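Visitor: As input, take my_file-v1.txt (compact mmCIF, C-alpha atoms):
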# COMPACT_ATOMS: atom_id res chain seq x y z
CA MET A 23 -37.70 23.14 -76.67
CA VAL A 24 -41.11 21.58 -76.03
CA LEU A 25 -41.37 19.69 -72.76
CA ASP A 26 -44.78 18.20 -73.34
CA LEU A 27 -46.36 15.15 -74.93
CA THR A 28 -47.50 15.23 -78.53
CA ASP A 29 -51.20 14.89 -79.31
CA ALA A 30 -50.64 11.25 -80.30
CA GLN A 31 -48.73 10.50 -77.08
CA SER A 32 -51.41 12.20 -74.98
CA ALA A 33 -54.18 10.25 -76.71
CA PHE A 34 -52.36 6.95 -76.13
CA LEU A 35 -51.76 7.85 -72.48
CA ALA A 36 -55.49 8.55 -72.05
CA GLU A 37 -56.33 5.11 -73.48
CA VAL A 38 -53.84 3.34 -71.25
CA THR A 39 -54.95 5.27 -68.17
CA ALA A 40 -58.57 4.27 -68.80
CA PHE A 41 -57.47 0.63 -69.14
CA ALA A 42 -55.40 0.83 -65.96
CA VAL A 43 -58.27 2.30 -63.97
CA ALA A 44 -60.85 -0.17 -65.29
CA GLU A 45 -58.85 -3.41 -65.54
CA VAL A 46 -55.67 -3.17 -63.49
CA ALA A 47 -56.46 -1.15 -60.37
CA PRO A 48 -59.36 -3.38 -59.23
CA ARG A 49 -56.99 -6.40 -59.23
CA ALA A 50 -53.99 -4.77 -57.56
CA ALA A 51 -54.78 -5.61 -53.94
CA ALA A 52 -55.61 -9.25 -54.76
CA ILE A 53 -52.42 -9.68 -56.80
CA ASP A 54 -50.44 -8.46 -53.81
CA GLU A 55 -52.38 -10.54 -51.30
CA THR A 56 -52.22 -13.85 -53.17
CA GLY A 57 -48.83 -13.40 -54.84
CA GLU A 58 -50.24 -15.12 -57.92
CA PHE A 59 -49.14 -14.04 -61.40
CA PRO A 60 -52.04 -12.03 -62.93
CA VAL A 61 -52.62 -14.01 -66.11
CA ASP A 62 -56.07 -12.46 -66.55
CA VAL A 63 -54.73 -8.91 -66.45
CA MET A 64 -51.93 -9.71 -68.88
CA ARG A 65 -54.47 -11.19 -71.30
CA ALA A 66 -56.55 -8.03 -71.03
CA ALA A 67 -53.42 -5.95 -71.66
CA ALA A 68 -52.61 -8.08 -74.71
CA ALA A 69 -56.09 -7.42 -76.11
CA GLN A 70 -55.27 -3.69 -75.93
CA GLY A 71 -51.97 -4.19 -77.78
CA LEU A 72 -50.00 -3.45 -74.61
CA LEU A 73 -47.71 -6.46 -74.96
CA GLY A 74 -46.38 -5.09 -78.23
CA MET A 75 -46.10 -1.35 -77.57
CA THR A 76 -42.53 -0.96 -78.82
CA VAL A 77 -42.54 -3.87 -81.27
CA PRO A 78 -42.33 -2.64 -84.89
CA LYS A 79 -45.59 -2.77 -86.84
CA ALA A 80 -43.96 -5.11 -89.35
CA TRP A 81 -43.87 -7.71 -86.58
CA GLY A 82 -47.37 -7.11 -85.30
CA GLY A 83 -46.71 -4.46 -82.66
CA LEU A 84 -47.88 -0.89 -82.18
CA GLY A 85 -44.48 0.52 -83.18
CA LEU A 86 -44.59 3.27 -80.55
CA ASP A 87 -41.77 5.55 -79.47
CA TYR A 88 -40.17 5.08 -76.07
CA VAL A 89 -41.74 8.17 -74.51
CA SER A 90 -45.17 6.72 -75.26
CA TYR A 91 -44.03 3.45 -73.73
CA GLY A 92 -42.66 5.21 -70.65
CA VAL A 93 -45.83 7.15 -69.90
CA ALA A 94 -47.88 3.99 -70.44
CA ILE A 95 -45.77 2.02 -67.93
CA GLU A 96 -46.14 4.89 -65.46
CA ALA A 97 -49.94 4.88 -65.81
CA ILE A 98 -50.17 1.10 -65.38
CA SER A 99 -47.75 1.11 -62.45
CA ARG A 100 -49.86 3.72 -60.71
CA ALA A 101 -52.56 1.03 -60.65
CA SER A 102 -50.27 -1.99 -60.06
CA ALA A 103 -46.50 -1.99 -59.73
CA THR A 104 -46.48 -5.72 -60.48
CA VAL A 105 -48.26 -5.44 -63.82
CA GLY A 106 -46.10 -2.45 -64.74
CA VAL A 107 -42.75 -4.16 -64.27
CA SER A 108 -43.98 -7.42 -65.80
CA LEU A 109 -44.60 -5.44 -68.98
CA VAL A 110 -41.14 -3.85 -68.67
CA VAL A 111 -39.46 -7.27 -68.59
CA HIS A 112 -41.53 -8.48 -71.53
CA HIS A 113 -40.87 -5.37 -73.63
CA SER A 114 -37.53 -3.80 -72.76
CA LEU A 115 -35.56 -6.88 -71.82
CA VAL A 116 -36.87 -9.36 -74.35
CA ALA A 117 -39.08 -8.07 -77.20
CA ASP A 118 -36.95 -4.98 -77.82
CA LEU A 119 -33.76 -7.04 -77.73
CA LEU A 120 -35.20 -9.61 -80.11
CA ALA A 121 -36.26 -6.84 -82.50
CA HIS A 122 -32.78 -5.31 -82.20
CA ALA A 123 -30.58 -8.40 -82.54
CA GLY A 124 -32.76 -11.27 -83.72
CA LEU A 125 -32.67 -12.93 -87.10
CA ALA A 126 -35.77 -12.77 -89.30
CA ARG A 127 -36.66 -16.40 -88.55
CA GLN A 128 -36.33 -15.76 -84.80
CA LYS A 129 -38.62 -12.76 -85.08
CA ASP A 130 -41.09 -14.77 -87.12
CA GLU A 131 -41.09 -17.49 -84.49
CA TRP A 132 -41.27 -15.33 -81.37
CA LEU A 133 -41.63 -11.59 -81.91
CA ARG A 134 -45.10 -11.75 -83.43
CA ARG A 135 -46.26 -13.99 -80.60
CA LEU A 136 -44.81 -11.64 -78.01
CA ALA A 137 -46.49 -8.63 -79.62
CA SER A 138 -49.89 -10.33 -79.72
CA GLY A 139 -49.67 -11.67 -76.18
CA GLU A 140 -49.79 -15.26 -77.37
CA ALA A 141 -46.42 -15.62 -75.62
CA LEU A 142 -44.94 -13.95 -72.53
CA ALA A 143 -41.20 -13.45 -72.12
CA ALA A 144 -38.60 -13.75 -69.35
CA PHE A 145 -34.99 -12.56 -69.05
CA ALA A 146 -32.62 -14.99 -67.33
CA LEU A 147 -29.44 -13.06 -66.46
CA SER A 148 -29.16 -12.93 -62.66
CA GLU A 149 -27.43 -15.74 -60.77
CA PRO A 150 -26.59 -16.35 -57.11
CA ASP A 151 -23.19 -14.69 -57.68
CA ALA A 152 -24.05 -12.54 -60.69
CA GLY A 153 -26.39 -9.72 -59.75
CA THR A 154 -24.75 -6.32 -59.88
CA ASP A 155 -21.66 -8.13 -61.23
CA ALA A 156 -23.63 -9.53 -64.14
CA ALA A 157 -20.50 -10.39 -66.13
CA ASN A 158 -19.69 -13.10 -63.59
CA GLN A 159 -21.82 -15.69 -65.37
CA GLN A 160 -21.42 -19.19 -63.97
CA THR A 161 -24.08 -20.82 -66.14
CA ARG A 162 -22.12 -22.58 -68.87
CA ALA A 163 -22.84 -23.23 -72.53
CA GLU A 164 -20.54 -25.96 -73.83
CA ARG A 165 -20.18 -26.83 -77.51
CA THR A 166 -21.81 -30.07 -78.71
CA SER A 167 -22.07 -31.64 -82.15
CA HIS A 168 -25.49 -30.02 -82.68
CA GLY A 169 -25.16 -26.76 -80.76
CA TYR A 170 -24.69 -26.20 -77.01
CA ARG A 171 -25.40 -27.81 -73.70
CA ILE A 172 -26.46 -25.16 -71.18
CA PHE A 173 -26.22 -25.98 -67.49
CA GLY A 174 -26.46 -23.76 -64.44
CA ARG A 175 -28.84 -21.78 -62.27
CA LYS A 176 -30.65 -18.46 -62.70
CA VAL A 177 -32.45 -16.64 -59.90
CA TRP A 178 -35.24 -14.08 -59.54
CA VAL A 179 -36.43 -14.60 -63.12
CA ALA A 180 -39.51 -12.38 -63.42
CA ASN A 181 -42.46 -13.68 -65.50
CA ALA A 182 -40.94 -17.18 -65.45
CA ASP A 183 -44.05 -18.66 -63.88
CA ALA A 184 -46.04 -17.99 -67.08
CA ALA A 185 -43.38 -17.31 -69.72
CA SER A 186 -43.25 -19.19 -73.02
CA VAL A 187 -39.72 -18.12 -73.89
CA ALA A 188 -36.68 -16.74 -72.09
CA ILE A 189 -33.45 -15.11 -73.15
CA VAL A 190 -30.84 -17.08 -71.25
CA PHE A 191 -27.28 -15.81 -70.82
CA ALA A 192 -24.45 -18.31 -70.42
CA CYS A 193 -20.66 -18.34 -70.38
CA THR A 194 -19.20 -19.68 -73.62
CA ARG A 195 -15.57 -18.65 -72.97
CA PRO A 196 -14.65 -19.16 -69.32
CA GLY A 197 -12.35 -16.58 -67.77
CA LEU A 198 -13.26 -13.75 -70.16
CA ARG A 199 -16.24 -12.46 -68.15
CA GLY A 200 -18.33 -10.12 -70.33
CA GLN A 201 -16.33 -10.95 -73.44
CA GLY A 202 -17.31 -14.60 -73.27
CA VAL A 203 -21.08 -14.57 -72.68
CA THR A 204 -23.69 -15.64 -75.25
CA ALA A 205 -27.45 -15.06 -75.30
CA PHE A 206 -29.83 -17.87 -76.27
CA LEU A 207 -33.54 -17.93 -77.10
CA VAL A 208 -34.92 -20.80 -75.05
CA PRO A 209 -38.55 -22.02 -75.09
CA MET A 210 -39.63 -22.59 -71.51
CA ASP A 211 -40.99 -26.04 -72.33
CA THR A 212 -37.50 -27.26 -73.29
CA PRO A 213 -36.72 -30.55 -71.48
CA GLY A 214 -34.21 -30.00 -68.69
CA ILE A 215 -35.57 -26.75 -67.23
CA THR A 216 -36.63 -26.94 -63.58
CA ARG A 217 -38.65 -24.05 -62.16
CA THR A 218 -38.60 -23.38 -58.42
CA ALA A 219 -40.79 -20.71 -56.87
CA ARG A 220 -38.90 -17.96 -55.08
CA ALA A 221 -39.41 -17.33 -51.39
CA ASP A 222 -42.09 -14.73 -50.76
CA SER A 223 -40.93 -11.19 -51.50
CA LEU A 224 -41.56 -7.96 -49.60
CA GLY A 225 -43.26 -6.18 -52.48
CA VAL A 226 -44.09 -6.38 -56.20
CA ARG A 227 -45.72 -9.68 -55.33
CA GLY A 228 -47.24 -11.76 -58.11
CA LEU A 229 -44.40 -11.09 -60.54
CA GLY A 230 -44.01 -14.78 -61.31
CA CYS A 231 -40.40 -14.86 -60.13
CA MET A 232 -38.81 -18.29 -60.28
CA ASP A 233 -35.37 -19.79 -59.91
CA LEU A 234 -34.46 -21.79 -63.00
CA ASP A 235 -32.10 -24.75 -63.13
CA PHE A 236 -30.86 -25.66 -66.61
CA ASP A 237 -29.44 -28.80 -68.11
CA ILE A 238 -30.61 -28.45 -71.69
CA GLU A 239 -29.56 -28.86 -75.30
CA VAL A 240 -29.98 -25.97 -77.75
CA THR A 241 -29.08 -25.49 -81.40
CA ASP A 242 -26.96 -22.87 -83.10
CA GLU A 243 -30.18 -21.35 -84.42
CA GLN A 244 -31.12 -20.37 -80.87
CA VAL A 245 -28.13 -18.05 -80.46
CA LEU A 246 -29.37 -14.45 -80.23
CA GLY A 247 -26.98 -12.08 -81.96
CA SER A 248 -23.41 -13.33 -82.13
CA VAL A 249 -21.55 -15.88 -80.04
CA ASP A 250 -19.68 -14.23 -77.13
CA GLN A 251 -21.60 -10.96 -77.60
CA GLY A 252 -24.39 -11.71 -75.14
CA PHE A 253 -23.21 -9.44 -72.35
CA ARG A 254 -23.21 -6.45 -74.70
CA LEU A 255 -26.78 -7.32 -75.66
CA ALA A 256 -27.81 -7.58 -72.00
CA MET A 257 -26.41 -4.12 -71.29
CA TRP A 258 -28.21 -2.75 -74.36
CA ALA A 259 -31.50 -4.20 -73.12
CA LEU A 260 -31.03 -2.82 -69.63
CA GLN A 261 -30.90 0.72 -71.04
CA GLY A 262 -34.55 0.34 -71.97
CA GLY A 263 -35.34 -1.65 -68.86
CA ARG A 264 -34.11 1.15 -66.63
CA VAL A 265 -36.35 3.63 -68.43
CA GLY A 266 -39.20 1.24 -67.69
CA VAL A 267 -38.28 0.90 -64.01
CA ALA A 268 -38.03 4.70 -63.75
CA ALA A 269 -41.54 4.91 -65.17
CA GLN A 270 -42.72 2.21 -62.77
CA ALA A 271 -41.29 4.13 -59.82
CA LEU A 272 -42.98 7.33 -60.96
CA GLY A 273 -46.32 5.51 -61.10
CA ILE A 274 -45.87 4.23 -57.54
CA GLY A 275 -44.86 7.69 -56.32
CA GLU A 276 -47.83 9.35 -58.00
CA ALA A 277 -50.20 6.80 -56.49
CA ALA A 278 -48.73 7.50 -53.06
CA ILE A 279 -49.20 11.26 -53.43
CA ALA A 280 -52.78 10.75 -54.58
CA GLU A 281 -53.51 8.66 -51.49
CA ALA A 282 -51.94 11.26 -49.20
CA ILE A 283 -53.77 14.19 -50.80
CA ALA A 284 -57.16 12.49 -50.61
CA PHE A 285 -56.54 11.65 -46.96
CA ALA A 286 -55.22 15.12 -46.04
CA LYS A 287 -58.33 16.81 -47.42
CA VAL A 288 -60.72 14.85 -45.19
CA ARG A 289 -58.67 14.08 -42.09
CA GLN A 290 -59.29 16.80 -39.51
CA THR A 291 -57.33 17.84 -36.46
CA PHE A 292 -58.02 20.84 -34.26
CA GLY A 293 -61.07 21.68 -36.33
CA GLN A 294 -59.59 21.74 -39.82
CA PRO A 295 -58.26 19.41 -42.55
CA ILE A 296 -54.61 18.53 -42.13
CA ALA A 297 -54.10 19.71 -45.73
CA ASN A 298 -54.26 23.25 -44.32
CA TYR A 299 -51.08 22.78 -42.31
CA GLU A 300 -47.77 23.90 -43.76
CA ALA A 301 -46.02 20.79 -42.46
CA VAL A 302 -48.23 18.63 -44.68
CA GLN A 303 -48.18 21.05 -47.60
CA TRP A 304 -44.40 21.20 -47.62
CA MET A 305 -44.07 17.42 -47.63
CA LEU A 306 -46.42 17.23 -50.60
CA ALA A 307 -44.66 20.09 -52.39
CA ASP A 308 -41.23 18.51 -51.97
CA VAL A 309 -42.16 15.06 -53.22
CA ALA A 310 -44.27 16.40 -56.10
CA THR A 311 -41.33 18.52 -57.26
CA GLU A 312 -38.89 15.62 -57.01
CA LEU A 313 -41.19 13.32 -58.97
CA GLU A 314 -41.72 15.91 -61.69
CA ALA A 315 -37.96 16.41 -62.02
CA ALA A 316 -37.50 12.63 -62.26
CA ARG A 317 -40.24 12.47 -64.89
CA MET A 318 -38.28 14.90 -67.09
CA LEU A 319 -35.24 12.63 -66.74
CA MET A 320 -37.37 9.62 -67.66
CA TRP A 321 -38.68 11.39 -70.76
CA LYS A 322 -35.14 12.44 -71.70
CA ALA A 323 -33.85 8.89 -71.30
CA ALA A 324 -36.78 7.51 -73.30
CA ASP A 325 -36.10 9.97 -76.11
CA ALA A 326 -32.39 9.09 -76.01
CA LYS A 327 -33.28 5.40 -76.25
CA ASP A 328 -35.05 6.11 -79.55
CA ARG A 329 -32.29 8.29 -80.99
CA GLN A 330 -29.05 6.75 -79.72
CA GLU A 331 -27.46 3.31 -79.76
CA ARG A 332 -25.98 4.04 -76.34
CA SER A 333 -27.99 5.79 -73.62
CA ARG A 334 -26.57 4.23 -70.48
CA VAL A 335 -26.01 7.46 -68.55
CA GLU A 336 -29.45 8.87 -69.38
CA SER A 337 -31.25 5.68 -68.37
CA SER A 338 -29.22 5.32 -65.18
CA MET A 339 -29.94 8.91 -64.19
CA ALA A 340 -33.64 8.36 -64.79
CA LYS A 341 -33.79 5.16 -62.77
CA LEU A 342 -31.73 6.58 -59.91
CA ALA A 343 -33.75 9.80 -59.65
CA ALA A 344 -37.16 8.19 -60.06
CA SER A 345 -36.63 5.28 -57.68
CA GLU A 346 -35.29 7.51 -54.91
CA ALA A 347 -37.93 10.22 -55.45
CA ALA A 348 -40.68 7.60 -55.37
CA HIS A 349 -39.26 6.09 -52.20
CA ARG A 350 -39.39 9.50 -50.51
CA ALA A 351 -42.92 10.06 -51.85
CA THR A 352 -44.26 6.82 -50.34
CA ASP A 353 -42.45 7.52 -47.08
CA LYS A 354 -43.91 11.02 -46.77
CA ALA A 355 -47.35 9.80 -47.82
CA MET A 356 -47.29 7.25 -45.01
CA GLN A 357 -46.15 9.96 -42.59
CA ILE A 358 -49.10 12.13 -43.60
CA MET A 359 -51.55 9.25 -43.25
CA ALA A 360 -49.97 8.03 -40.01
CA SER A 361 -51.76 4.99 -38.54
CA ALA A 362 -54.28 4.94 -41.40
CA GLY A 363 -51.41 4.23 -43.80
CA TYR A 364 -49.33 2.07 -41.51
CA ARG A 365 -51.97 -0.61 -41.12
CA ARG A 366 -51.52 -3.86 -43.03
CA GLY A 367 -53.68 -3.95 -46.14
CA SER A 368 -53.82 -0.23 -46.82
CA THR A 369 -52.96 0.96 -50.31
CA ILE A 370 -50.06 3.07 -49.09
CA GLU A 371 -48.65 0.10 -47.18
CA ARG A 372 -48.59 -1.88 -50.44
CA LEU A 373 -46.99 1.01 -52.32
CA PHE A 374 -44.42 1.40 -49.54
CA ARG A 375 -43.37 -2.23 -49.99
CA ASP A 376 -43.51 -2.13 -53.79
CA VAL A 377 -41.31 0.92 -54.25
CA ARG A 378 -38.33 -0.58 -52.45
CA ALA A 379 -37.59 -2.94 -55.33
CA THR A 380 -37.14 -0.11 -57.83
CA ALA A 381 -33.80 0.81 -56.27
CA ILE A 382 -32.61 -2.81 -56.51
CA TYR A 383 -33.63 -4.67 -59.65
CA GLN A 384 -32.17 -4.00 -63.09
CA GLY A 385 -29.20 -2.43 -61.31
CA THR A 386 -29.03 -1.07 -57.76
CA SER A 387 -28.86 2.66 -57.08
CA GLU A 388 -25.18 2.18 -56.27
CA ALA A 389 -24.60 0.57 -59.68
CA GLN A 390 -26.42 3.45 -61.36
CA ARG A 391 -24.13 5.94 -59.62
CA MET A 392 -21.12 4.00 -60.88
CA ILE A 393 -22.40 4.11 -64.47
CA ILE A 394 -23.19 7.82 -64.24
CA ALA A 395 -19.80 8.63 -62.74
CA GLN A 396 -17.98 6.65 -65.42
CA GLY A 397 -19.93 8.46 -68.10
CA ILE A 398 -19.32 11.97 -66.85
CA LEU A 399 -15.65 11.27 -66.14
CA ALA A 400 -15.18 9.96 -69.70
CA ALA A 401 -16.93 13.03 -71.13
CA HIS A 402 -14.63 15.56 -69.47
The structure given in the file should be rewritten as structure tokens.

Guide:
Amino acid sequence: MVLDLTDAQSAFLAEVTAFAVAEVAPRAAAIDETGEFPVDVMRAAAAQGLLGMTVPKAWGGLGLDYVSYGVAIEAISRASATVGVSLVVHHSLVADLLAHAGLARQKDEWLRRLASGEALAAFALSEPDAGTDAANQQTRAERTSHGYRIFGRKVWVANADAASVAIVFACTRPGLRGQGVTAFLVPMDTPGITRTARADSLGVRGLGCMDLDFDIEVTDEQVLGSVDQGFRLAMWALQGGRVGVAAQALGIGEAAIAEAIAFAKVRQTFGQPIANYEAVQWMLADVATELEAARMLMWKAADAKDRQERSRVESSMAKLAASEAAHRATDKAMQIMASAGYRRGSTIERLFRDVRATAIYQGTSEAQRMIIAQGILAAH
């Protein structure tokens, strides 16, 4: 058993880390302050191939394994949680799903553009009454002579402010919940889509979240996968998405520890740096150990995503462990920094707000525990 990155994975991580330090980190505070979607940063990421990391080379991507993707998301999220999760939505929830279930003509139309960064993607699943209970889709897709009429409302659609295309999930067989949901590839310039900016969020600001109201016409050629199989596809995509969110959380947690360590080495009380005190050392030791354990779960889930059709338990374990470890890391980092961290505008204050979302989106921690429990009960 080798619990380390390959030479190729390490080299890619070094490239991404250099990009994150040079291009992402300097923009992080402004992205948070303004709440504006960072189009410039995403263009710079596209120029590095980072909008097509997991897209097969045949469709213009880098064709990387999921461990490489995971460590890249972690490195970028250490610089900006917003940029990190925007890339997760684009890759795991849309590009990966299109590569997995799309027809050749759909890939020709969209996958190459997603890989190059010419197009950005959004994932429209959540609704006012369909968050954790995602099978409760109220958006309807009714048969017409030429395809479907889709009408309804989606909420908290990340990247929607700048997206060119979205995967939209709608009920095609009312009353059957997850057995009657279909996924559609919908260009965001389709007539009948109304975008409404979300109310300001606590953290991960600048994610381009919008509420979307639909009253549109689509063709049969826009169905992704098979009719009535959309919910299965959404759950498949979320396996990768949760690996990405785990990686995002790890990046936030690592950034928090770095802030706390740098502060503890220079902040003096009673004639010595506070890093000399066991109380501080033990807090750092605990959170560093928890994050490293979560990182091993993230790597395991990423590897499972490459090797298995179904990796729900692994991805849920990774997301649960990483999001909660990162939350504790930011909390302890703020405790170490005290008033220097608590002030509005400090880096740790931003990280403290950002990390909270990792235990909510793409499945709450409670939902992850349900998935894990179901998996282990079925296995014994």

Visitor: One number please: CA of Glu312 in chain A to CA of Ala347 in chain A, in Å, one decimal.

Guide: 5.7 Å

Visitor: Please enclose the listed atoms of range 328-336 of chain A in an axis-aligned box, pad each side by 6 Å, and write out the centre and the three edge lengths in Å, rounded to one decimal, as AutoDock Vina command-line options.

Guide:
--center_x -30.5 --center_y 6.1 --center_z -74.8 --size_x 21.1 --size_y 17.6 --size_z 24.4

Visitor: Given only C-alpha atoms, how would the per-residue table for range 289-369 of chain A near range 38-54 of chain A read, listing every residue at most 9 Å away with its closest atom pair and distance in Å to one decimal, sorted by chain and number, as JSON lines?

Guide:
{"residue": "A:Gly367", "atom": "CA", "partner": "A:Ala51", "partner_atom": "CA", "distance": 8.1}
{"residue": "A:Ser368", "atom": "CA", "partner": "A:Ala51", "partner_atom": "CA", "distance": 9.0}
{"residue": "A:Thr369", "atom": "CA", "partner": "A:Ala51", "partner_atom": "CA", "distance": 7.7}

Visitor: With all atoms listed in the file as the counted atoms, please give the residues lying no more than 9 Å from range 175-177 of chain A, apart from itself and same-chain residues fewer than 5 positions off, as a PyMOL selection string.

Guide: chain A and resi 146-150+160-161+190+220+231-236

Visitor: For a quick check of understanding, using all atoms listed in the file, which of A:Gly385, A:Gly225, A:Gly139, A:Pro60 has the smallest distance to Gly263 in chain A?

Guide: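 Among the listed residues, the smallest separation from Gly263 in chain A belongs to A:Gly385.
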
Visitor: So that I can check the surroundings of Phe285 in chain A, please list as a VMD selection string every protein, DNA and RNA residue that reaches within 12 Å of it, counting only C-alpha atoms and ignoring chain neighbours fewer than 2 positions away.

Guide: chain A and resid 278 to 283 287 to 290 295 to 297 302 355 to 363 369 to 370

Visitor: Of the candidates A:Ser337, A:Ser248, A:Thr311, A:Gln201, which one gets nearest to Gly262 in chain A if we count only C-alpha atoms?

Guide: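 Smallest distance to Gly262 in chain A is found for A:Ser337.
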
Visitor: Pick out the residues sitting within 9 Å of Met64 in chain A, and hand them over as a count of residues only; count all atoms listed in the file, and ignore anything fewer than 6 positions along from it in its own chain.

Guide: 7

Visitor: Counting only C-alpha atoms, what is within 10 Å of Asp308 in chain A, bar same-chain residues fewer than 6 positions away, as number ranges by chain?

Guide: A: 347, 350-351, 354

Visitor: Can you measure CA of Ile95 in chain A to CA of His113 in chain A for me? One decimal in Å is fine.

Guide: 10.5 Å

Visitor: Which one is closest to Ala259 in chain A: A:Ala156, A:Ala271, A:Val245, A:Leu119? Count all atoms listed in the file.

Guide: A:Leu119

Visitor: Nearest to Ser186 in chain A: which of A:Ser387, A:Ser90, A:Thr212, A:Asn298 is it, counting all atoms listed in the file?

Guide: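 Comparing A:Ser387, A:Ser90, A:Thr212, A:Asn298 against Ser186 in chain A, the winner is A:Thr212.
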
Visitor: Quick one: of A:Leu133, A:Ala324, A:Ala67, A:Val265, who's nearest to Leu86 in chain A, counting all atoms listed in the file?

Guide: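 Nearest candidate to Leu86 in chain A out of A:Leu133, A:Ala324, A:Ala67, A:Val265: A:Ala324.
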
Visitor: May I ask which of the residues A:Met320, A:Met305, A:Ala33, A:Leu313 is the closest one to Gly92 in chain A, counting all atoms listed in the file?

Guide: A:Met320

Visitor: Got a sec: who's within 8 Å of Ala343 in chain A, counting only C-alpha atoms, leaving out chain neighbours fewer than 3 positions off, as an MDAnalysis selection string?

Guide: chainID A and resid 268 316 319 339:340 346:347

Visitor: Pull C-alpha atoms from the residues just selected and write them as a short mmCIF file (atom, residue, chain, number, x, y, z; two decimals), in the coordinates of the input.

Guide:
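Writing the result to result-v9.cif gives the following:
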data_model
loop_
_atom_site.label_atom_id
_atom_site.label_comp_id
_atom_site.auth_asym_id
_atom_site.auth_seq_id
_atom_site.Cartn_x
_atom_site.Cartn_y
_atom_site.Cartn_z
CA ALA A 268 -38.03 4.70 -63.75
CA ALA A 316 -37.50 12.63 -62.26
CA LEU A 319 -35.24 12.63 -66.74
CA MET A 339 -29.94 8.91 -64.19
CA ALA A 340 -33.64 8.36 -64.79
CA GLU A 346 -35.29 7.51 -54.91
CA ALA A 347 -37.93 10.22 -55.45
#

Visitor: Kindly complete range 101-117 of chain A to N, CA and C atoms; the output should be written as an mmCIF file, keeping the file's coordinate frame.

Guide:
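The resulting part_21.cif:
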data_model
loop_
_atom_site.group_PDB
_atom_site.id
_atom_site.type_symbol
_atom_site.label_atom_id
_atom_site.label_comp_id
_atom_site.auth_asym_id
_atom_site.auth_seq_id
_atom_site.Cartn_x
_atom_site.Cartn_y
_atom_site.Cartn_z
ATOM 1 N N ALA A 101 -51.503 1.963 -61.050
ATOM 2 C CA ALA A 101 -52.560 1.030 -60.650
ATOM 3 C C ALA A 101 -51.990 -0.226 -60.016
ATOM 4 N N SER A 102 -50.907 -0.788 -60.592
ATOM 5 C CA SER A 102 -50.270 -1.990 -60.060
ATOM 6 C C SER A 102 -48.804 -2.012 -60.454
ATOM 7 N N ALA A 103 -47.941 -1.940 -59.465
ATOM 8 C CA ALA A 103 -46.500 -1.990 -59.730
ATOM 9 C C ALA A 103 -46.108 -3.323 -60.347
ATOM 10 N N THR A 104 -46.795 -4.387 -59.962
ATOM 11 C CA THR A 104 -46.480 -5.720 -60.480
ATOM 12 C C THR A 104 -46.750 -5.811 -61.971
ATOM 13 N N VAL A 105 -47.925 -5.390 -62.393
ATOM 14 C CA VAL A 105 -48.260 -5.440 -63.820
ATOM 15 C C VAL A 105 -47.314 -4.543 -64.605
ATOM 16 N N GLY A 106 -46.995 -3.376 -64.049
ATOM 17 C CA GLY A 106 -46.100 -2.450 -64.740
ATOM 18 C C GLY A 106 -44.749 -3.060 -65.043
ATOM 19 N N VAL A 107 -44.106 -3.647 -64.038
ATOM 20 C CA VAL A 107 -42.750 -4.160 -64.270
ATOM 21 C C VAL A 107 -42.767 -5.479 -65.035
ATOM 22 N N SER A 108 -43.863 -6.238 -64.959
ATOM 23 C CA SER A 108 -43.980 -7.420 -65.800
ATOM 24 C C SER A 108 -43.939 -7.027 -67.266
ATOM 25 N N LEU A 109 -44.622 -5.939 -67.609
ATOM 26 C CA LEU A 109 -44.600 -5.440 -68.980
ATOM 27 C C LEU A 109 -43.214 -4.910 -69.358
ATOM 28 N N VAL A 110 -42.498 -4.340 -68.400
ATOM 29 C CA VAL A 110 -41.140 -3.850 -68.670
ATOM 30 C C VAL A 110 -40.216 -5.007 -69.043
ATOM 31 N N VAL A 111 -40.285 -6.089 -68.278
ATOM 32 C CA VAL A 111 -39.460 -7.270 -68.590
ATOM 33 C C VAL A 111 -39.788 -7.794 -69.976
ATOM 34 N N HIS A 112 -41.073 -7.949 -70.242
ATOM 35 C CA HIS A 112 -41.530 -8.480 -71.530
ATOM 36 C C HIS A 112 -41.057 -7.610 -72.686
ATOM 37 N N HIS A 113 -41.214 -6.287 -72.541
ATOM 38 C CA HIS A 113 -40.870 -5.370 -73.630
ATOM 39 C C HIS A 113 -39.366 -5.077 -73.708
ATOM 40 N N SER A 114 -38.878 -4.358 -72.691
ATOM 41 C CA SER A 114 -37.530 -3.800 -72.760
ATOM 42 C C SER A 114 -36.444 -4.862 -72.781
ATOM 43 N N LEU A 115 -36.627 -5.898 -71.959
ATOM 44 C CA LEU A 115 -35.560 -6.880 -71.820
ATOM 45 C C LEU A 115 -35.605 -7.985 -72.852
ATOM 46 N N VAL A 116 -36.775 -8.237 -73.422
ATOM 47 C CA VAL A 116 -36.870 -9.360 -74.350
ATOM 48 C C VAL A 116 -37.336 -8.920 -75.741
ATOM 49 N N ALA A 117 -38.554 -8.399 -75.873
ATOM 50 C CA ALA A 117 -39.080 -8.070 -77.200
ATOM 51 C C ALA A 117 -38.208 -7.044 -77.911
#
